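Report on the structure given below.
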Amino acid sequence: MIKISREKEIILYLILSILFAITIQQLPFFKGNSLHLLHAIKDFDSNKLQEDWVANQTNHLPAFTYLNNIILQVFPVNILHAIHFILLVICSLSIFLICKNEFQNLNKISLSLIWYSVFILIYHEHSFFGGLAGQDLINEGYQPASFGVLFYCGIYLYLTKRYFYAVLLICLSASFHPSYVIHSGFLLFGFFIYFFSIKEFKLLFKVLLAYIILILPITIYIILNFLIIDKDLSSAGQLILLERIPHHALISNWFSYKDIISILIYLLSLFLVRKNKKFFIPLFIFGFLSILLSSIQFLTQNQSLALAFPWRASVFLIPLSSMIIVSFLINKLLSKKINLNIFGVFLFLIIFSFFFVKNHFLKNDNQYFYSKLELTKEISKHYNIIQRILIPVDLAHIRMNTGLPIFIDWKHHAFKYNELIIWKKRVNLANQFYETSDFDKQKMILDDINQIEKISHILIDKNELKKNCNNLIEHKIYALINASTCYK
């Protein structure tokens, strides 16, 4: 089997990581959870989102918003696909380098090709790449959580003794997605335990000081803007959020046999790296604290702990653990073979080609979403005369794809607990409006809505269109009406 120079190694791994990223069909803007970009674009002249209620609630992603705001002032929104592509490359490259640091034979071309082949397969199959509670580290959509791949960079830099840069990237990741703050603490505590075990007290103090300085800004921001709040309002807001995301926040709602398998994968990976204390200890502490706090939350039903998502550490641990096991098997079973070069190339080309063709040509998941944009294109024709739209709460793509303020939708909510209470009130009013076909009741509910915010237009099912209402758009399902004309 062929070995190559250090410089050529890095080029090869980078190329393989780029090819992995090419197999992924990225989601279009703005599909799915697009709220994370709302604060970044709301003040642009190309939209009216500065008048949207959700856009004016407390921003929980200040660093992410600031970064994207600067980028989008210079480049079109599609540049964010390039950033997401880079994050995908970083993800695969960092995990590979961590595994290669533990299993040295992966520097052979054939074994690295086999490793990347299996990585592409595992990523797209998802079962052994996703975390608990249906959470992902990085998927097809550009979102703040994707910056969690910087954790892997941090782990690799820690293993190669570049401790300050390791802490910097881990804290940067947490700054982009503040729910990672607690997990950065888990991981850094593992670093500290290792330093303590080898009696590197001076190094421990330096790394701890660097971590405190770097994590403090986002921590203070979260405390001041989200945690200092009246206790009753906090409890009420937590209940609403738990109702909104039980599939992420309530262990009883998401735990299944698949999660037991994920835990077993993690435990097996720990066993395989047990001799490397520098790697084993942080990996063990990271997972142990996550499991411990998750168990405490399940036993106590503590709402605040549930919404801290301690089990989200699994989005880092499961992909890494899966590839540690793969790396061990490749290293153990194939490292002594001498005729794997052709096999490695052939395997990689087959798997790369399969997922590239499947995701970009055979299974175009974006096509259905593009068909939904027919509605937003029709609405946008009346952009100049629309001030605010009342829409069915399940049409989450309307706001970002028209650039028009809406009254409320279900997917995009406020994050501060007292603001969540207002969000739920708006959702209830919108649902009440659409759940009744009685004109007088609808008019009363609309009057209540108008006391909160003035609605200029309403999106309604064509079958519910009243005789005195003029439909402004051509669409198979929905009609757009002038609120003041139809509900005098």
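We name chains A, B, ... following the order of the structure tokens; residues begin at 1 in each chain, and ligands are numbered from 1 as shown.
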
Exercise. Which residues, written as a ChimeraX atom specification, have at least one atom at most 8 Å from region 476-480 of chain A, with only C-alpha atoms counted and residues fewer than 4 positions away on the same chain left out?
Worked result: /A:375,379,457-462,465,471-472

Just-selected residues, N, CA, C and O atoms written as a CSV table (one decimal), in the first residue's frame:
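out-v4.csv was written with the following content:
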```
chain,number,residue,atom,x,y,z
A,375,LEU,N,-46.8,30.0,-4.8
A,375,LEU,CA,-47.6,30.8,-4.0
A,375,LEU,C,-46.9,32.1,-3.6
A,375,LEU,O,-47.5,33.2,-3.7
A,379,ILE,N,-47.9,36.1,-4.4
A,379,ILE,CA,-48.1,37.1,-3.3
A,379,ILE,C,-47.2,38.2,-3.6
A,379,ILE,O,-47.6,39.4,-3.4
A,457,HIS,N,-53.8,42.2,4.5
A,457,HIS,CA,-54.2,41.1,3.6
A,457,HIS,C,-54.3,39.8,4.3
A,457,HIS,O,-53.6,39.6,5.3
A,458,ILE,N,-55.1,38.9,3.8
A,458,ILE,CA,-55.3,37.6,4.4
A,458,ILE,C,-55.2,36.5,3.3
A,458,ILE,O,-55.7,36.7,2.2
A,459,LEU,N,-54.4,35.5,3.7
A,459,LEU,CA,-54.3,34.3,2.8
A,459,LEU,C,-55.3,33.3,3.3
A,459,LEU,O,-55.2,32.9,4.4
A,460,ILE,N,-56.2,32.9,2.4
A,460,ILE,CA,-57.3,32.0,2.8
A,460,ILE,C,-57.5,30.9,1.8
A,460,ILE,O,-57.1,31.1,0.6
A,461,ASP,N,-58.0,29.8,2.2
A,461,ASP,CA,-58.4,28.7,1.3
A,461,ASP,C,-59.4,29.2,0.3
A,461,ASP,O,-60.4,29.9,0.7
A,462,LYS,N,-59.2,28.9,-1.0
A,462,LYS,CA,-60.1,29.4,-2.0
A,462,LYS,C,-61.6,28.9,-1.8
A,462,LYS,O,-62.5,29.6,-2.1
A,465,LEU,N,-63.5,31.3,0.4
A,465,LEU,CA,-63.6,32.7,-0.1
A,465,LEU,C,-65.0,33.2,-0.1
A,465,LEU,O,-65.9,32.6,-0.7
A,471,ASN,N,-60.3,37.9,-5.1
A,471,ASN,CA,-59.0,37.2,-5.0
A,471,ASN,C,-58.0,37.9,-5.9
A,471,ASN,O,-58.1,38.1,-7.1
A,472,LEU,N,-56.8,38.2,-5.2
A,472,LEU,CA,-55.8,38.9,-5.9
A,472,LEU,C,-54.7,38.1,-6.6
A,472,LEU,O,-53.9,38.6,-7.3
```

For this session: Using only C-alpha atoms, determine which residues lie at most 8 Å from region 262-274 of chain A, disregarding the query and same-chain residues fewer than 3 positions distant; provide the list as a ChimeraX atom specification.
Result: /A:102,128,131-132,258-259,277,279-280,283-284,317-318,321-322,324-325,328

Could you take the residues named above and write them with C-alpha atoms, as an mmCIF file, in the first residue's frame?
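The result, stored in out-v3.cif:
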```cif
data_model
loop_
_atom_site.group_PDB
_atom_site.id
_atom_site.type_symbol
_atom_site.label_atom_id
_atom_site.label_comp_id
_atom_site.auth_asym_id
_atom_site.auth_seq_id
_atom_site.Cartn_x
_atom_site.Cartn_y
_atom_site.Cartn_z
ATOM 1 C CA GLU A 102 -5.445 7.568 16.795
ATOM 2 C CA PHE A 128 -25.044 6.397 12.880
ATOM 3 C CA GLY A 131 -27.575 12.596 17.478
ATOM 4 C CA LEU A 132 -30.322 11.795 19.961
ATOM 5 C CA LYS A 258 -32.192 3.450 18.355
ATOM 6 C CA ASP A 259 -30.871 5.717 21.084
ATOM 7 C CA LYS A 277 -5.725 8.882 27.903
ATOM 8 C CA PHE A 279 -8.294 11.243 23.872
ATOM 9 C CA PHE A 280 -10.181 8.901 26.180
ATOM 10 C CA LEU A 283 -14.389 11.800 25.248
ATOM 11 C CA PHE A 284 -15.492 10.025 28.427
ATOM 12 C CA LEU A 317 -20.247 12.099 19.907
ATOM 13 C CA ILE A 318 -22.232 9.767 17.635
ATOM 14 C CA SER A 321 -17.802 7.402 17.766
ATOM 15 C CA SER A 322 -19.098 5.737 14.598
ATOM 16 C CA ILE A 324 -13.683 5.636 15.495
ATOM 17 C CA ILE A 325 -15.197 2.152 15.200
ATOM 18 C CA PHE A 328 -10.463 0.610 14.132
#
```

Tell me which protein, DNA and RNA residues are within 8 Å of region 74-89 of chain A, counting only C-alpha atoms, leaving out same-chain ones fewer than 4 positions away, and put them as a compact mmCIF listing (two decimals) with all heavy atoms, in the first residue's frame.
```txt
# COMPACT_ATOMS: atom_id res chain seq x y z
N LEU A 14 -8.06 16.80 1.72
CA LEU A 14 -8.90 17.96 1.39
C LEU A 14 -9.76 17.67 0.16
O LEU A 14 -10.96 17.98 0.13
CB LEU A 14 -8.02 19.19 1.14
CG LEU A 14 -8.76 20.50 0.86
CD1 LEU A 14 -9.68 20.87 2.01
CD2 LEU A 14 -7.76 21.63 0.60
N SER A 17 -12.50 15.32 1.12
CA SER A 17 -13.52 16.03 1.92
C SER A 17 -14.40 16.89 1.01
O SER A 17 -15.61 17.00 1.23
CB SER A 17 -12.85 16.89 2.99
OG SER A 17 -12.14 16.08 3.92
N ILE A 18 -13.79 17.52 0.01
CA ILE A 18 -14.56 18.32 -0.96
C ILE A 18 -15.51 17.43 -1.75
O ILE A 18 -16.68 17.77 -1.96
CB ILE A 18 -13.61 19.08 -1.90
CG1 ILE A 18 -12.88 20.20 -1.12
CG2 ILE A 18 -14.36 19.66 -3.09
CD1 ILE A 18 -11.78 20.87 -1.91
N PHE A 20 -16.79 14.63 -0.75
CA PHE A 20 -17.89 14.29 0.16
C PHE A 20 -18.94 15.39 0.16
O PHE A 20 -20.15 15.13 0.03
CB PHE A 20 -17.36 14.08 1.58
CG PHE A 20 -18.37 14.38 2.65
CD1 PHE A 20 -19.46 13.54 2.86
CD2 PHE A 20 -18.26 15.53 3.44
CE1 PHE A 20 -20.42 13.83 3.84
CE2 PHE A 20 -19.21 15.83 4.40
CZ PHE A 20 -20.29 14.97 4.61
N ALA A 21 -18.51 16.64 0.30
CA ALA A 21 -19.45 17.76 0.35
C ALA A 21 -20.24 17.89 -0.95
O ALA A 21 -21.41 18.30 -0.93
CB ALA A 21 -18.71 19.05 0.66
N GLN A 26 -27.71 20.80 -1.19
CA GLN A 26 -28.08 21.76 -0.15
C GLN A 26 -29.50 22.25 -0.33
O GLN A 26 -30.01 22.33 -1.45
CB GLN A 26 -27.11 22.94 -0.14
CG GLN A 26 -25.69 22.56 0.25
CD GLN A 26 -24.83 23.78 0.48
OE1 GLN A 26 -25.27 24.79 1.03
NE2 GLN A 26 -23.57 23.71 0.07
N PHE A 29 -32.72 28.49 -0.16
CA PHE A 29 -33.17 29.54 0.75
C PHE A 29 -34.54 30.00 0.27
O PHE A 29 -34.74 30.27 -0.91
CB PHE A 29 -32.20 30.73 0.76
CG PHE A 29 -30.82 30.35 1.22
CD1 PHE A 29 -29.78 30.24 0.32
CD2 PHE A 29 -30.57 30.09 2.55
CE1 PHE A 29 -28.52 29.88 0.74
CE2 PHE A 29 -29.31 29.74 2.98
CZ PHE A 29 -28.28 29.63 2.08
N ILE A 70 -23.08 41.02 7.65
CA ILE A 70 -21.92 41.59 6.94
C ILE A 70 -21.74 40.92 5.58
O ILE A 70 -21.55 41.60 4.56
CB ILE A 70 -20.64 41.42 7.79
CG1 ILE A 70 -20.71 42.29 9.05
CG2 ILE A 70 -19.40 41.77 6.97
CD1 ILE A 70 -19.56 42.09 9.99
N LEU A 93 -13.14 16.43 7.16
CA LEU A 93 -11.68 16.50 7.30
C LEU A 93 -11.26 16.42 8.77
O LEU A 93 -10.31 15.70 9.11
CB LEU A 93 -11.17 17.80 6.67
CG LEU A 93 -9.66 18.03 6.72
CD1 LEU A 93 -8.93 16.92 5.97
CD2 LEU A 93 -9.30 19.39 6.13
N ILE A 138 -24.75 18.71 11.40
CA ILE A 138 -24.77 19.43 10.12
C ILE A 138 -25.53 18.58 9.12
O ILE A 138 -25.29 17.38 9.00
CB ILE A 138 -23.33 19.74 9.63
CG1 ILE A 138 -23.36 20.62 8.39
CG2 ILE A 138 -22.52 18.48 9.42
CD1 ILE A 138 -22.00 21.22 8.02
N GLY A 141 -29.06 21.81 5.25
CA GLY A 141 -29.43 23.21 5.39
C GLY A 141 -28.42 24.02 6.17
O GLY A 141 -27.85 23.55 7.16
N TYR A 142 -28.19 25.24 5.73
CA TYR A 142 -27.28 26.16 6.43
C TYR A 142 -27.98 26.71 7.66
O TYR A 142 -29.04 27.33 7.57
CB TYR A 142 -26.90 27.30 5.49
CG TYR A 142 -26.06 28.38 6.12
CD1 TYR A 142 -24.74 28.14 6.49
CD2 TYR A 142 -26.58 29.65 6.34
CE1 TYR A 142 -23.96 29.13 7.05
CE2 TYR A 142 -25.80 30.66 6.89
CZ TYR A 142 -24.49 30.39 7.25
OH TYR A 142 -23.72 31.38 7.82
N SER A 146 -24.71 24.16 12.39
CA SER A 146 -23.67 23.61 11.52
C SER A 146 -22.27 24.03 11.96
O SER A 146 -21.29 23.34 11.68
CB SER A 146 -23.91 24.06 10.08
OG SER A 146 -25.19 23.67 9.63
N PHE A 147 -22.17 25.18 12.65
CA PHE A 147 -20.86 25.62 13.12
C PHE A 147 -20.33 24.75 14.25
O PHE A 147 -19.20 24.96 14.72
CB PHE A 147 -20.93 27.09 13.54
CG PHE A 147 -20.99 28.05 12.39
CD1 PHE A 147 -22.19 28.38 11.79
CD2 PHE A 147 -19.82 28.59 11.87
CE1 PHE A 147 -22.25 29.24 10.71
CE2 PHE A 147 -19.87 29.46 10.78
CZ PHE A 147 -21.07 29.78 10.20
N VAL A 149 -19.29 21.94 13.83
CA VAL A 149 -18.15 21.19 13.28
C VAL A 149 -16.84 21.75 13.81
O VAL A 149 -15.81 21.04 13.78
CB VAL A 149 -18.17 21.19 11.74
CG1 VAL A 149 -19.44 20.55 11.21
CG2 VAL A 149 -18.00 22.59 11.18
```

What are the nearest atom pairs, with distances in Å to one decimal, for all residues of region 204-236 of chain A that come at most 12 Å from region 296-304 of chain A, using only C-alpha atoms, set out by chain and rising residue number as JSON lines?
```
{"residue": "A:Phe226", "atom": "CA", "partner": "A:Ser304", "partner_atom": "CA", "distance": 11.9}
{"residue": "A:Leu227", "atom": "CA", "partner": "A:Ser304", "partner_atom": "CA", "distance": 10.1}
{"residue": "A:Lys231", "atom": "CA", "partner": "A:Ser304", "partner_atom": "CA", "distance": 11.6}
{"residue": "A:Ser234", "atom": "CA", "partner": "A:Ser304", "partner_atom": "CA", "distance": 9.3}
{"residue": "A:Ser235", "atom": "CA", "partner": "A:Gln303", "partner_atom": "CA", "distance": 8.2}
{"residue": "A:Ala236", "atom": "CA", "partner": "A:Gln303", "partner_atom": "CA", "distance": 10.6}
```

Keeping only N, CA, C and O atoms, write the selected residues as a PDB file, in the first residue's frame.
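What ended up in out.pdb:
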```
ATOM      1  N   PHE A 226     -31.948  36.448  28.367  1.00  0.00           N
ATOM      2  CA  PHE A 226     -32.901  35.343  28.351  1.00  0.00           C
ATOM      3  C   PHE A 226     -33.178  34.725  29.724  1.00  0.00           C
ATOM      4  O   PHE A 226     -34.236  34.121  29.919  1.00  0.00           O
ATOM      5  N   LEU A 227     -32.257  34.842  30.652  1.00  0.00           N
ATOM      6  CA  LEU A 227     -32.418  34.134  31.920  1.00  0.00           C
ATOM      7  C   LEU A 227     -32.868  35.023  33.070  1.00  0.00           C
ATOM      8  O   LEU A 227     -33.426  34.532  34.053  1.00  0.00           O
ATOM      9  N   LYS A 231     -40.092  34.858  37.434  1.00  0.00           N
ATOM     10  CA  LYS A 231     -40.179  33.401  37.580  1.00  0.00           C
ATOM     11  C   LYS A 231     -41.460  32.837  36.971  1.00  0.00           C
ATOM     12  O   LYS A 231     -41.444  31.788  36.309  1.00  0.00           O
ATOM     13  N   SER A 234     -41.237  32.955  33.264  1.00  0.00           N
ATOM     14  CA  SER A 234     -40.287  31.942  32.825  1.00  0.00           C
ATOM     15  C   SER A 234     -40.936  30.563  32.786  1.00  0.00           C
ATOM     16  O   SER A 234     -40.798  29.821  31.811  1.00  0.00           O
ATOM     17  N   SER A 235     -41.677  30.216  33.831  1.00  0.00           N
ATOM     18  CA  SER A 235     -42.340  28.906  33.895  1.00  0.00           C
ATOM     19  C   SER A 235     -43.371  28.751  32.786  1.00  0.00           C
ATOM     20  O   SER A 235     -43.457  27.709  32.132  1.00  0.00           O
ATOM     21  N   ALA A 236     -44.153  29.811  32.561  1.00  0.00           N
ATOM     22  CA  ALA A 236     -45.179  29.768  31.516  1.00  0.00           C
ATOM     23  C   ALA A 236     -44.544  29.643  30.135  1.00  0.00           C
ATOM     24  O   ALA A 236     -45.006  28.873  29.281  1.00  0.00           O
TER      25      ALA A 236
END
```

Exercise. Could you state the separation of CA of Lys8 (chain A) and CA of Tyr158 (chain A) in Å, given to one decimal place?
Worked result: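 The value is 23.2 Å.
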
For this session: From a DSSP pass on the backbone, collect the residues of region 152-383 of chain A flagged as alpha helix (DSSP H) and hand them back as a PyMOL selection string.
Result: chain A and resi 152-159+163-176+181-197+201-222+231-244+246-249+251-254+257-272+277-300+303-306+314-334+341-357+366-380

For this session: Find the spatial neighbours of His126 (chain A), counting only C-alpha atoms, within a cut-off of 10 Å - ignore same-chain residues fewer than 6 positions away - and output them as a list in words.
Result: Ile120, Asp136, Asn139 and Pro319 of chain A

For this session: Can you pull out every residue within 12 Å of Phe205 (chain A), counting only C-alpha atoms, but drop anything in the same chain fewer than 2 positions away, and send it as a list in words?
Result: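 So, after excluding close chain neighbours, the residues are Tyr163, Phe164, Leu188, Phe189, Phe191, Phe192, Ile193, Phe195, Phe196, Lys199, Glu200, Phe201, Lys202, Leu203, Val207, Leu208, Leu209, Ala210, Tyr211 and Ile212 of chain A.
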
For the residues in the current selection, export C-alpha atoms as a short mmCIF file (atom, residue, chain, number, x, y, z; two decimals), in the first residue's frame.
```cif
data_model
loop_
_atom_site.label_atom_id
_atom_site.label_comp_id
_atom_site.auth_asym_id
_atom_site.auth_seq_id
_atom_site.Cartn_x
_atom_site.Cartn_y
_atom_site.Cartn_z
CA TYR A 163 -4.57 24.27 23.00
CA PHE A 164 -5.35 27.98 22.61
CA LEU A 188 -13.31 21.63 28.19
CA PHE A 189 -13.88 19.99 31.57
CA PHE A 191 -9.47 18.69 28.83
CA PHE A 192 -8.99 19.98 32.38
CA ILE A 193 -9.31 16.52 33.90
CA PHE A 195 -4.27 18.10 32.39
CA PHE A 196 -4.90 17.44 36.09
CA LYS A 199 -0.12 17.17 36.70
CA GLU A 200 0.09 19.96 34.11
CA PHE A 201 -1.40 22.50 36.51
CA LYS A 202 0.10 25.55 34.82
CA LEU A 203 -1.27 24.46 31.46
CA VAL A 207 -6.45 26.88 29.17
CA LEU A 208 -9.10 27.51 31.82
CA LEU A 209 -8.39 31.24 31.76
CA ALA A 210 -8.55 31.32 27.96
CA TYR A 211 -11.86 29.44 28.03
CA ILE A 212 -13.41 31.78 30.60
#
```

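Nearest to Ser380 (chain A) of all the residues A:Ile11, A:Ile422, A:Ile398, A:Ile155 is A:Ile398, counting only C-alpha atoms.
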